[in-house]
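Asks: Got a structure for you, protein22.cif, holding mmCIF, C-alpha atoms.
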```cif
data_my_file
loop_
_atom_site.label_atom_id
_atom_site.label_comp_id
_atom_site.auth_asym_id
_atom_site.auth_seq_id
_atom_site.Cartn_x
_atom_site.Cartn_y
_atom_site.Cartn_z
CA MET A 1 172.64 -14.86 64.12
CA THR A 2 171.38 -16.03 60.74
CA ALA A 3 172.71 -19.53 61.36
CA GLY A 4 171.08 -19.65 64.79
CA LEU A 5 167.63 -18.71 63.49
CA THR A 6 167.91 -21.16 60.62
CA ALA A 7 168.92 -23.98 62.98
CA LEU A 8 165.91 -23.30 65.22
CA CYS A 9 163.49 -23.47 62.30
CA GLU A 10 165.08 -26.51 60.74
CA ALA A 11 164.18 -28.48 63.87
CA LEU A 12 160.91 -28.97 61.98
CA PRO A 13 161.54 -31.21 58.94
CA GLY A 14 160.71 -29.91 55.50
CA MET A 15 161.09 -26.22 56.35
CA ARG A 16 162.71 -23.61 54.13
CA VAL A 17 164.09 -20.69 56.10
CA LYS A 18 164.87 -17.18 54.86
CA VAL A 19 166.54 -14.68 57.18
CA GLU A 20 167.02 -11.07 56.08
CA LYS A 21 168.51 -7.89 57.48
CA ASP A 22 167.87 -4.40 56.12
CA THR A 23 167.83 -0.83 57.42
CA THR A 24 164.64 -1.48 59.42
CA GLY A 25 165.93 -4.56 61.27
CA TRP A 26 165.68 -8.35 60.96
CA ALA A 27 163.10 -10.61 59.38
CA VAL A 28 162.55 -14.36 59.13
CA LEU A 29 160.19 -16.35 56.90
CA VAL A 30 159.69 -20.08 57.45
CA THR A 31 157.85 -22.01 54.72
CA HIS A 32 156.65 -25.61 54.42
CA GLU A 33 155.64 -26.64 50.91
CA GLY A 34 154.12 -30.02 51.68
CA LYS A 35 150.36 -30.59 51.75
CA GLY A 36 149.13 -27.03 51.54
CA LEU A 37 151.22 -23.93 52.13
CA VAL A 38 152.22 -23.28 55.73
CA GLN A 39 154.17 -20.13 56.56
CA TRP A 40 155.20 -18.19 59.61
CA GLY A 41 157.17 -14.98 59.51
CA ALA A 42 158.05 -12.00 61.65
CA ARG A 43 160.01 -8.75 61.74
CA SER A 44 161.88 -7.11 64.60
CA PRO A 45 164.14 -4.08 64.99
CA ASP A 46 166.82 -6.36 66.46
CA ALA A 47 167.93 -9.96 66.11
CA ALA A 48 167.40 -10.81 69.77
CA GLY A 49 163.75 -9.76 69.54
CA LEU A 50 163.26 -11.89 66.45
CA ARG A 51 164.77 -14.92 68.15
CA ALA A 52 162.55 -14.38 71.20
CA VAL A 53 159.31 -14.23 69.19
CA LEU A 54 160.34 -17.27 67.15
CA LEU A 55 160.89 -19.29 70.31
CA SER A 56 157.81 -18.01 72.15
CA GLU A 57 155.29 -18.07 69.29
CA GLY A 58 156.73 -19.02 65.92
CA LEU A 59 157.66 -22.66 66.39
CA ASP A 60 154.41 -23.43 68.24
CA SER A 61 152.42 -21.71 65.49
CA LEU A 62 154.21 -23.72 62.80
CA ARG A 63 153.57 -27.01 64.59
CA THR A 64 149.88 -26.15 65.05
CA ASP A 65 149.43 -25.14 61.42
CA LEU A 66 151.32 -28.14 60.08
CA ALA A 67 149.25 -30.59 62.14
CA ALA A 68 146.02 -28.96 60.95
CA VAL A 69 146.95 -28.84 57.27
CA ARG A 70 148.20 -32.43 57.23
CA ALA A 71 144.88 -33.61 58.69
CA SER A 72 142.74 -31.46 56.38
CA SER A 73 140.49 -32.05 53.39
CA PRO A 74 139.33 -29.44 50.85
CA LEU A 75 136.10 -27.69 51.80
CA PRO A 76 133.55 -29.65 49.74
CA ALA A 77 130.88 -27.00 49.24
CA ARG A 78 129.85 -23.44 50.04
CA THR A 79 128.95 -23.26 53.72
CA ALA A 80 127.36 -20.56 55.90
CA ALA A 81 128.41 -20.92 59.53
CA PRO A 82 129.52 -19.00 62.62
CA VAL A 83 133.27 -18.40 62.55
CA VAL A 84 135.80 -17.76 65.30
CA MET A 85 138.95 -16.10 63.98
CA THR A 86 142.25 -16.59 65.78
CA PRO A 87 144.06 -13.29 66.57
CA LEU A 88 146.21 -12.87 63.44
CA MET A 89 143.34 -13.91 61.17
CA ALA A 90 141.09 -11.44 63.03
CA ALA A 91 143.70 -8.68 62.72
CA ILE A 92 144.01 -9.23 58.98
CA ALA A 93 140.22 -9.06 58.59
CA VAL A 94 140.03 -5.72 60.42
CA HIS A 95 143.14 -4.45 58.61
CA GLU A 96 141.52 -5.12 55.24
CA CYS A 97 137.94 -4.13 56.06
CA ILE A 98 138.40 -1.12 58.33
CA GLY A 99 142.09 -0.17 58.20
CA HIS A 100 142.45 0.31 54.45
CA THR A 101 139.02 1.88 54.16
CA SER A 102 140.02 4.41 56.85
CA GLU A 103 142.98 5.67 54.79
CA ALA A 104 141.83 9.11 53.64
CA ASP A 105 142.60 8.64 49.94
CA ASN A 106 140.72 5.33 49.87
CA TYR A 107 137.78 6.84 51.74
CA ALA A 108 137.59 9.68 49.23
CA GLU A 109 137.85 7.26 46.31
CA TYR A 110 135.29 4.63 47.25
CA GLY A 111 133.77 5.47 50.65
CA HIS A 112 130.44 6.25 48.99
CA ARG A 113 130.25 2.62 47.80
CA LEU A 114 130.64 0.97 51.20
CA GLY A 115 127.18 1.25 52.69
CA VAL A 116 128.73 2.77 55.84
CA ALA A 117 130.06 6.32 56.24
CA LEU A 118 132.24 8.16 58.75
CA GLY A 119 130.15 8.50 61.89
CA ASP A 120 128.09 5.37 61.15
CA ARG A 121 128.37 2.04 62.93
CA TRP A 122 130.60 -0.70 61.54
CA THR A 123 129.46 -3.17 64.21
CA GLY A 124 126.65 -3.65 66.70
CA VAL A 125 129.11 -4.76 69.38
CA PRO A 126 131.55 -2.31 71.06
CA LEU A 127 134.53 -2.70 68.73
CA THR A 128 137.51 -0.38 69.23
CA VAL A 129 140.21 0.05 66.57
CA THR A 130 143.25 2.35 66.88
CA ASP A 131 146.30 3.00 64.72
CA ASP A 132 149.26 4.24 66.77
CA PRO A 133 152.67 4.23 65.05
CA THR A 134 154.20 5.89 68.13
CA ARG A 135 154.06 2.59 70.05
CA PRO A 136 157.76 1.67 70.11
CA GLY A 137 159.52 -1.53 69.18
CA HIS A 138 157.37 -2.76 66.30
CA CYS A 139 158.02 -3.05 62.58
CA GLY A 140 155.27 -0.50 61.88
CA SER A 141 156.49 1.99 64.51
CA TYR A 142 157.73 5.48 63.71
CA VAL A 143 157.83 8.92 65.35
CA ARG A 144 157.54 11.09 62.24
CA ASP A 145 156.00 10.03 58.96
CA ASP A 146 157.70 10.20 55.57
CA GLU A 147 156.44 13.76 55.06
CA GLY A 148 158.08 14.88 58.31
CA VAL A 149 154.82 15.17 60.26
CA ALA A 150 154.73 13.94 63.86
CA ALA A 151 152.71 10.73 64.14
CA VAL A 152 149.76 10.64 66.52
CA PRO A 153 147.43 7.84 67.61
CA VAL A 154 144.14 7.82 65.71
CA ARG A 155 140.99 6.11 66.98
CA LEU A 156 139.39 4.69 63.84
CA VAL A 157 136.45 2.94 65.50
CA GLU A 158 134.99 3.79 68.91
CA ASP A 159 132.28 1.59 70.43
CA GLY A 160 131.59 0.15 66.97
CA ARG A 161 131.24 3.58 65.34
CA TRP A 162 133.57 4.88 62.58
CA SER A 163 135.31 7.79 64.28
CA GLY A 164 138.49 8.69 62.35
CA LEU A 165 140.63 8.51 59.23
CA LEU A 166 144.37 8.12 58.60
CA THR A 167 145.63 11.20 56.79
CA SER A 168 148.69 12.79 55.22
CA ARG A 169 149.60 16.24 53.91
CA ALA A 170 148.50 15.30 50.39
CA HIS A 171 145.34 13.61 51.68
CA PRO A 172 144.26 15.53 54.79
CA GLY A 173 140.67 14.31 55.01
CA PRO A 174 138.03 16.38 56.80
CA ALA A 175 140.08 16.82 60.01
CA GLY A 176 143.59 17.59 58.64
CA GLY A 177 146.83 15.61 58.63
CA ASN A 178 147.76 13.25 61.48
CA GLY A 179 151.17 11.87 60.50
CA HIS A 180 150.23 8.74 58.55
CA GLY A 181 151.87 9.63 55.23
CA ARG A 182 154.21 6.77 54.25
CA ARG A 183 156.16 5.92 51.13
CA ALA A 184 158.10 2.82 50.17
CA PRO A 185 161.85 3.27 49.48
CA GLY A 186 162.30 4.97 46.12
CA ALA A 187 158.64 6.01 45.80
CA ARG A 188 157.78 9.65 45.08
CA ASP A 189 154.39 10.01 46.74
CA ALA A 190 153.49 9.40 50.37
CA LEU A 191 150.10 7.74 50.91
CA PRO A 192 147.95 7.52 54.03
CA ARG A 193 148.91 4.16 55.53
CA MET A 194 148.52 2.12 58.70
CA GLY A 195 151.44 1.66 61.09
CA VAL A 196 150.51 -0.23 64.27
CA LEU A 197 146.85 -1.24 64.04
CA SER A 198 145.25 -2.45 67.26
CA VAL A 199 141.84 -4.04 67.83
CA GLY A 200 140.96 -3.49 71.48
CA PRO A 201 139.99 -6.35 73.81
CA GLY A 202 136.41 -7.23 74.66
CA GLU A 203 134.97 -9.13 77.58
CA HIS A 204 134.81 -12.74 76.37
CA ARG A 205 137.38 -15.47 76.90
CA ALA A 206 138.39 -17.20 73.69
CA GLU A 207 137.15 -20.48 75.17
CA ASP A 208 133.70 -18.95 75.75
CA LEU A 209 133.48 -17.63 72.18
CA ILE A 210 134.19 -21.15 70.90
CA ALA A 211 131.80 -22.71 73.41
CA SER A 212 128.97 -20.49 72.11
CA VAL A 213 129.18 -22.05 68.62
CA ALA A 214 126.93 -25.06 68.03
CA ASP A 215 128.19 -25.77 64.51
CA GLY A 216 130.87 -23.61 62.90
CA PHE A 217 134.60 -23.13 62.33
CA LEU A 218 137.77 -21.95 64.04
CA LEU A 219 139.95 -20.23 61.44
CA GLY A 220 143.73 -20.53 61.76
CA ALA A 221 146.63 -18.53 60.43
CA PRO A 222 145.99 -16.38 57.33
CA ARG A 223 147.39 -17.70 54.07
CA GLU A 224 146.32 -14.60 52.18
CA GLY A 225 144.32 -11.41 52.73
CA GLY A 226 143.42 -8.59 50.39
CA SER A 227 140.81 -6.03 49.48
CA VAL A 228 139.65 -4.11 46.41
CA ARG A 229 137.47 -1.08 47.07
CA GLU A 230 134.46 -2.27 49.09
CA TYR A 231 135.28 -5.98 48.76
CA VAL A 232 137.48 -8.20 50.91
CA LEU A 233 139.05 -11.64 50.42
CA LEU A 234 140.47 -13.77 53.24
CA LYS A 235 142.12 -17.18 52.93
CA PRO A 236 142.88 -19.06 56.17
CA ALA A 237 145.45 -21.84 56.14
CA TRP A 238 142.92 -24.11 57.82
CA ALA A 239 139.43 -24.25 59.34
CA ARG A 240 138.71 -26.63 62.23
CA ARG A 241 135.08 -27.62 62.70
CA ILE A 242 133.41 -26.60 65.95
CA ARG A 243 130.58 -28.86 67.06
CA ASP A 244 128.57 -28.33 70.25
CA GLY A 245 131.07 -25.74 71.46
CA ARG A 246 134.17 -27.92 71.00
CA VAL A 247 136.92 -27.82 68.40
CA THR A 248 137.01 -31.19 66.64
CA GLY A 249 139.55 -33.05 64.53
CA GLU A 250 137.53 -32.27 61.40
CA VAL A 251 139.76 -29.88 59.43
CA TYR A 252 139.35 -28.18 56.05
CA THR A 253 141.65 -26.21 53.79
CA ASP A 254 141.43 -24.66 50.31
CA LEU A 255 138.70 -22.25 51.36
CA VAL A 256 138.07 -18.52 51.08
CA ILE A 257 135.86 -15.84 52.61
CA ARG A 258 134.92 -13.05 50.23
CA GLY A 259 132.28 -10.36 50.09
CA ARG A 260 131.55 -6.78 51.05
CA LYS A 261 133.58 -5.33 53.91
CA ALA A 262 130.63 -3.69 55.65
CA GLN A 263 128.53 -6.85 55.55
CA LEU A 264 131.33 -8.93 57.04
CA MET A 265 131.96 -6.51 59.91
CA ARG A 266 128.23 -6.20 60.69
CA ARG A 267 128.28 -9.92 61.51
CA LEU A 268 130.77 -9.42 64.37
CA ARG A 269 129.14 -10.81 67.51
CA GLY A 270 131.87 -11.34 70.10
CA ILE A 271 135.30 -9.93 71.01
CA GLY A 272 137.94 -11.82 72.98
CA ASP A 273 139.48 -10.41 76.13
CA ARG A 274 143.17 -10.91 75.26
CA VAL A 275 144.99 -9.28 72.37
CA VAL A 276 148.00 -10.75 70.55
CA MET A 277 150.56 -8.55 68.75
CA ASN A 278 152.06 -9.60 65.42
CA ASP A 279 154.86 -8.04 63.39
CA PRO A 280 154.35 -9.94 60.11
CA TYR A 281 157.09 -10.75 57.67
CA HIS A 282 154.96 -9.76 54.68
CA ARG A 283 154.57 -6.04 54.12
CA CYS A 284 151.27 -4.35 53.31
CA ALA A 285 150.86 -3.50 49.61
CA LYS A 286 148.93 -0.51 48.31
CA LYS A 287 149.17 1.09 44.87
CA GLY A 288 152.51 -0.61 44.23
CA GLN A 289 154.08 0.47 47.53
CA GLU A 290 154.90 -2.02 50.29
CA VAL A 291 155.50 -0.91 53.88
CA PRO A 292 155.85 -2.90 57.12
CA VAL A 293 152.83 -2.88 59.43
CA SER A 294 152.09 -4.29 62.86
CA LEU A 295 148.76 -5.87 63.83
CA GLU A 296 147.14 -6.57 67.20
CA ALA A 297 143.80 -8.27 67.85
CA PRO A 298 141.95 -10.75 70.08
CA TYR A 299 139.84 -13.70 68.97
CA LEU A 300 136.73 -12.50 67.11
CA LEU A 301 133.40 -14.31 66.65
CA PHE A 302 131.28 -13.69 63.54
CA ASP A 303 127.76 -14.88 62.78
CA ASP A 304 127.15 -16.95 59.65
CA LEU A 305 129.94 -16.04 57.26
CA LEU A 306 129.99 -17.67 53.82
CA LEU A 307 132.96 -19.97 53.26
CA TYR A 308 133.65 -20.94 49.65
CA PRO A 309 135.85 -23.69 48.23
CA ASP A 310 138.88 -21.81 46.90
CA GLY A 311 138.42 -21.20 43.19
CA GLY A 312 134.67 -21.80 43.29
CA THR A 313 132.01 -19.30 42.34
CA PRO A 314 129.57 -17.57 44.72
#
```
Before anything else, please render the file you have as structure tokens.
Replies:
Amino acid sequence: MTAGLTALCEALPGMRVKVEKDTTGWAVLVTHEGKGLVQWGARSPDAAGLRAVLLSEGLDSLRTDLAAVRASSPLPARTAAPVVMTPLMAAIAVHECIGHTSEADNYAEYGHRLGVALGDRWTGVPLTVTDDPTRPGHCGSYVRDDEGVAAVPVRLVEDGRWSGLLTSRAHPGPAGGNGHGRRAPGARDALPRMGVLSVGPGEHRAEDLIASVADGFLLGAPREGGSVREYVLLKPAWARRIRDGRVTGEVYTDLVIRGRKAQLMRRLRGIGDRVVMNDPYHRCAKKGQEVPVSLEAPYLLFDDLLLYPDGGTP
């Protein structure tokens, strides 16, 4: 199986392929170290599922990202523009801004610094966000958490309003535990963590979201995503310019979005009508513990986000 996956990936020149198997299943990471870093990776409980997602999505994603990065130039200056995020980029943004902030220990630690509280609105549009580890067949799926509590679906955001937290026995939050206590292998403490995070579909076709942008960007696969307290940082592998509602051949790389989580999410203006599931190779890190998570989202449109040249100052 390892040889078969490697052979599929090596059909693209310049790729380095890493295939792994552990107690949770199979994983593959494909990396191209040419102009810019291009990566694609996935996890699956079984090898056949991993091969299927590589053939159906992975190779196409790699070709798309490689073509964009090879045609790109560094973003020359700080730019404020409407942004359409592709599904995995959108999922990472919601994961960092809303998912981590909805973990009960994080909410207790820095929720007062966010500018939005439980019960308040994250967005003016009808965003829905759910974490449901009981959905089977994903790298973030489980039936009972690492404290032995039965997992249940939790609606984090309903119609744009912050409606729930992810909790554990040690961090029950205001409504008690709901089976989201997870610990990395060898760790002592279980922390409230995401499992299978899903951003619900809206009513707009991806093509219509793009067509609504007079001058902005389409953001491709995430190169990096992270958050510290109320702040978020997102690095897409590439940004294609949208002009008069059409994606052009003008491509930029070496850029970053950073700022306050609440301010970014308040700029959400449109939600795509088709969600895409991802089981990423890279695990989610929190307080030194890494656990696998699954992410699902549609295309998302944001008003006037600030894009910075990577390494520049605000």
Asks: Any chance you could work out the residue set of the PyMOL selection byres ((chain A and resi 185) around 12) here, as a ChimeraX atom specification?
Replies: /A:22-24,146,182-184,186-190,288-292
Asks: List the neighbours of range 56-62 of chain A out to 10 Å using all atoms listed in the file; skip same-chain residues closer than 5 positions along the sequence, and give me the result as a ChimeraX atom specification.
Replies: /A:8-9,11-12,15,30-32,38-42,50-51,67-68,220-221,278
Asks: Just write the chosen residues, C-alpha atoms, as a PDB file, in the frame of the given file.
Replies:
```
ATOM      1  CA  LEU A   8     165.910 -23.300  65.220  1.00  0.00           C
ATOM      2  CA  CYS A   9     163.490 -23.470  62.300  1.00  0.00           C
ATOM      3  CA  ALA A  11     164.180 -28.480  63.870  1.00  0.00           C
ATOM      4  CA  LEU A  12     160.910 -28.970  61.980  1.00  0.00           C
ATOM      5  CA  MET A  15     161.090 -26.220  56.350  1.00  0.00           C
ATOM      6  CA  VAL A  30     159.690 -20.080  57.450  1.00  0.00           C
ATOM      7  CA  THR A  31     157.850 -22.010  54.720  1.00  0.00           C
ATOM      8  CA  HIS A  32     156.650 -25.610  54.420  1.00  0.00           C
ATOM      9  CA  VAL A  38     152.220 -23.280  55.730  1.00  0.00           C
ATOM     10  CA  GLN A  39     154.170 -20.130  56.560  1.00  0.00           C
ATOM     11  CA  TRP A  40     155.200 -18.190  59.610  1.00  0.00           C
ATOM     12  CA  GLY A  41     157.170 -14.980  59.510  1.00  0.00           C
ATOM     13  CA  ALA A  42     158.050 -12.000  61.650  1.00  0.00           C
ATOM     14  CA  LEU A  50     163.260 -11.890  66.450  1.00  0.00           C
ATOM     15  CA  ARG A  51     164.770 -14.920  68.150  1.00  0.00           C
ATOM     16  CA  ALA A  67     149.250 -30.590  62.140  1.00  0.00           C
ATOM     17  CA  ALA A  68     146.020 -28.960  60.950  1.00  0.00           C
ATOM     18  CA  GLY A 220     143.730 -20.530  61.760  1.00  0.00           C
ATOM     19  CA  ALA A 221     146.630 -18.530  60.430  1.00  0.00           C
ATOM     20  CA  ASN A 278     152.060  -9.600  65.420  1.00  0.00           C
TER      21      ASN A 278
END
```
Asks: Quick one, how far is CA of Pro133 in chain A from CA of Ile271 in chain A?
Replies: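 So the answer is 23.2 Å.
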Asks: In terms of the shortest atom-to-atom distance over only C-alpha atoms, which of A:Cys284, A:Val196, A:Arg121, A:His171 is closest to Pro153 in chain A?
Replies: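 Smallest distance to Pro153 in chain A is found for A:Val196.
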Asks: For Arg283 in chain A, please output as a VMD selection string all residues within 10 Å (counting all atoms listed in the file; exclusion window: fewer than 2 positions along the same chain).
Replies: chain A and resid 43 139 to 140 279 to 281 285 to 286 289 to 294
Asks: Box for range 265-274 of chain A - axis-aligned, 6 Å on each of the six sides, all listed atoms - centre and size in Å to one decimal, as JSON.
Replies:
```
{"center_x": 135.7, "center_y": -9.0, "center_z": 68.0, "size_x": 26.9, "size_y": 17.6, "size_z": 28.2}
```
Asks: Let me make sure I understand: among A:Met265, A:Leu66, A:Leu165, A:Val28, which one has the smallest atom-to-atom distance to Val251 in chain A if we use all atoms listed in the file?
Replies: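 Among the listed residues, the smallest separation from Val251 in chain A belongs to A:Leu66.
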Asks: Got a sec: who's within 12 Å of Ala91 in chain A, counting all atoms listed in the file, leaving out chain neighbours fewer than 3 positions off, as a PDB file with C-alpha atoms, in the coordinates of the input?
Replies:
```
ATOM      1  CA  MET A  85     138.950 -16.100  63.980  1.00  0.00           C
ATOM      2  CA  THR A  86     142.250 -16.590  65.780  1.00  0.00           C
ATOM      3  CA  PRO A  87     144.060 -13.290  66.570  1.00  0.00           C
ATOM      4  CA  LEU A  88     146.210 -12.870  63.440  1.00  0.00           C
ATOM      5  CA  VAL A  94     140.030  -5.720  60.420  1.00  0.00           C
ATOM      6  CA  HIS A  95     143.140  -4.450  58.610  1.00  0.00           C
ATOM      7  CA  GLU A  96     141.520  -5.120  55.240  1.00  0.00           C
ATOM      8  CA  CYS A  97     137.940  -4.130  56.060  1.00  0.00           C
ATOM      9  CA  ILE A  98     138.400  -1.120  58.330  1.00  0.00           C
ATOM     10  CA  GLY A  99     142.090  -0.170  58.200  1.00  0.00           C
ATOM     11  CA  VAL A 129     140.210   0.050  66.570  1.00  0.00           C
ATOM     12  CA  THR A 130     143.250   2.350  66.880  1.00  0.00           C
ATOM     13  CA  VAL A 196     150.510  -0.230  64.270  1.00  0.00           C
ATOM     14  CA  LEU A 197     146.850  -1.240  64.040  1.00  0.00           C
ATOM     15  CA  SER A 198     145.250  -2.450  67.260  1.00  0.00           C
ATOM     16  CA  VAL A 199     141.840  -4.040  67.830  1.00  0.00           C
ATOM     17  CA  GLY A 200     140.960  -3.490  71.480  1.00  0.00           C
ATOM     18  CA  PRO A 201     139.990  -6.350  73.810  1.00  0.00           C
ATOM     19  CA  GLY A 220     143.730 -20.530  61.760  1.00  0.00           C
ATOM     20  CA  ALA A 221     146.630 -18.530  60.430  1.00  0.00           C
ATOM     21  CA  PRO A 222     145.990 -16.380  57.330  1.00  0.00           C
ATOM     22  CA  GLY A 225     144.320 -11.410  52.730  1.00  0.00           C
ATOM     23  CA  LEU A 234     140.470 -13.770  53.240  1.00  0.00           C
ATOM     24  CA  ILE A 271     135.300  -9.930  71.010  1.00  0.00           C
ATOM     25  CA  VAL A 275     144.990  -9.280  72.370  1.00  0.00           C
ATOM     26  CA  VAL A 276     148.000 -10.750  70.550  1.00  0.00           C
ATOM     27  CA  MET A 277     150.560  -8.550  68.750  1.00  0.00           C
ATOM     28  CA  ASN A 278     152.060  -9.600  65.420  1.00  0.00           C
ATOM     29  CA  ASP A 279     154.860  -8.040  63.390  1.00  0.00           C
ATOM     30  CA  PRO A 280     154.350  -9.940  60.110  1.00  0.00           C
ATOM     31  CA  VAL A 293     152.830  -2.880  59.430  1.00  0.00           C
ATOM     32  CA  SER A 294     152.090  -4.290  62.860  1.00  0.00           C
ATOM     33  CA  LEU A 295     148.760  -5.870  63.830  1.00  0.00           C
ATOM     34  CA  GLU A 296     147.140  -6.570  67.200  1.00  0.00           C
ATOM     35  CA  ALA A 297     143.800  -8.270  67.850  1.00  0.00           C
ATOM     36  CA  PRO A 298     141.950 -10.750  70.080  1.00  0.00           C
ATOM     37  CA  TYR A 299     139.840 -13.700  68.970  1.00  0.00           C
ATOM     38  CA  LEU A 300     136.730 -12.500  67.110  1.00  0.00           C
TER      39      LEU A 300
END
```
Asks: So what does the PyMOL selection byres ((chain A and resi 143) around 12) actually pick up in this one, as a ChimeraX atom specification?
Replies: /A:132-138,140-142,144-153,178-182,195-196
Asks: Within 7 Å of range 215-218 of chain A, counting only C-alpha atoms, which residues show up once you throw out same-chain ones fewer than 2 positions away? Write them as a list in words, please.
Replies: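 That gives Ala81, Pro82, Val83, Val84, Met85, Val213, Gly220, Ala239, Arg240, Arg241, Ile242, Arg243 and Asp244 of chain A.
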Asks: Return as a compact mmCIF listing (two decimals) with C-alpha atoms, in the coordinates of the input the set of residues that the PyMOL selection byres ((chain A and resi 172) around 12) yields on the displayed structure.
Replies:
```
# COMPACT_ATOMS: atom_id res chain seq x y z
CA GLU A 103 142.98 5.67 54.79
CA ALA A 104 141.83 9.11 53.64
CA ASP A 105 142.60 8.64 49.94
CA ASN A 106 140.72 5.33 49.87
CA TYR A 107 137.78 6.84 51.74
CA ALA A 108 137.59 9.68 49.23
CA VAL A 149 154.82 15.17 60.26
CA GLY A 164 138.49 8.69 62.35
CA LEU A 165 140.63 8.51 59.23
CA LEU A 166 144.37 8.12 58.60
CA THR A 167 145.63 11.20 56.79
CA SER A 168 148.69 12.79 55.22
CA ARG A 169 149.60 16.24 53.91
CA ALA A 170 148.50 15.30 50.39
CA HIS A 171 145.34 13.61 51.68
CA GLY A 173 140.67 14.31 55.01
CA PRO A 174 138.03 16.38 56.80
CA ALA A 175 140.08 16.82 60.01
CA GLY A 176 143.59 17.59 58.64
CA GLY A 177 146.83 15.61 58.63
CA ASN A 178 147.76 13.25 61.48
CA GLY A 179 151.17 11.87 60.50
CA HIS A 180 150.23 8.74 58.55
CA GLY A 181 151.87 9.63 55.23
CA ALA A 190 153.49 9.40 50.37
CA LEU A 191 150.10 7.74 50.91
CA PRO A 192 147.95 7.52 54.03
```
Asks: What is the CA of Lys287 in chain A-CA of Gly111 in chain A distance in Å, reported with one decimal?
Replies: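 Answer for the CA of Lys287 in chain A to CA of Gly111 in chain A separation: 17.0 Å.
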Asks: Smallest atom-to-atom distance to Trp26 in chain A: which of A:Asp303, A:Gly14, A:Ser44, A:Leu209, using only C-alpha atoms?
Replies: A:Ser44
Asks: For Glu230 in chain A, work out the shell of residues within 10 Å, counting only C-alpha atoms and skipping chain neighbours fewer than 4 positions away, then give it as a ChimeraX atom specification.
Replies: /A:96-97,100-101,106,110-115,259-263
Asks: For each of A:Ala211, A:Leu301, A:Leu54, A:Val154, take the minimum atom-to-atom distance to Ser102 in chain A, counting all atoms listed in the file, then give the residue where this is smallest.
Replies: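 Among A:Ala211, A:Leu301, A:Leu54, A:Val154, it is A:Val154 that comes nearest to Ser102 in chain A.
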Asks: Quick one, how far is CA of Gly124 in chain A from CA of Arg258 in chain A?
Replies: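 Taking CA of Gly124 in chain A and CA of Arg258 in chain A, their separation equals 20.7 Å.
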Asks: Rank nothing, just name the residue among A:Ala93, A:Val53, A:Val157, A:Ala237 nearest to Thr123 in chain A, using all atoms listed in the file.
Replies: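 Between A:Ala93, A:Val53, A:Val157, A:Ala237, the residue approaching Thr123 in chain A most closely is A:Val157.
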Asks: Which one of A:Leu75, A:Ala90, A:Leu29, A:Leu219 sits closest to Pro309 in chain A if you count all atoms listed in the file?
Replies: A:Leu75
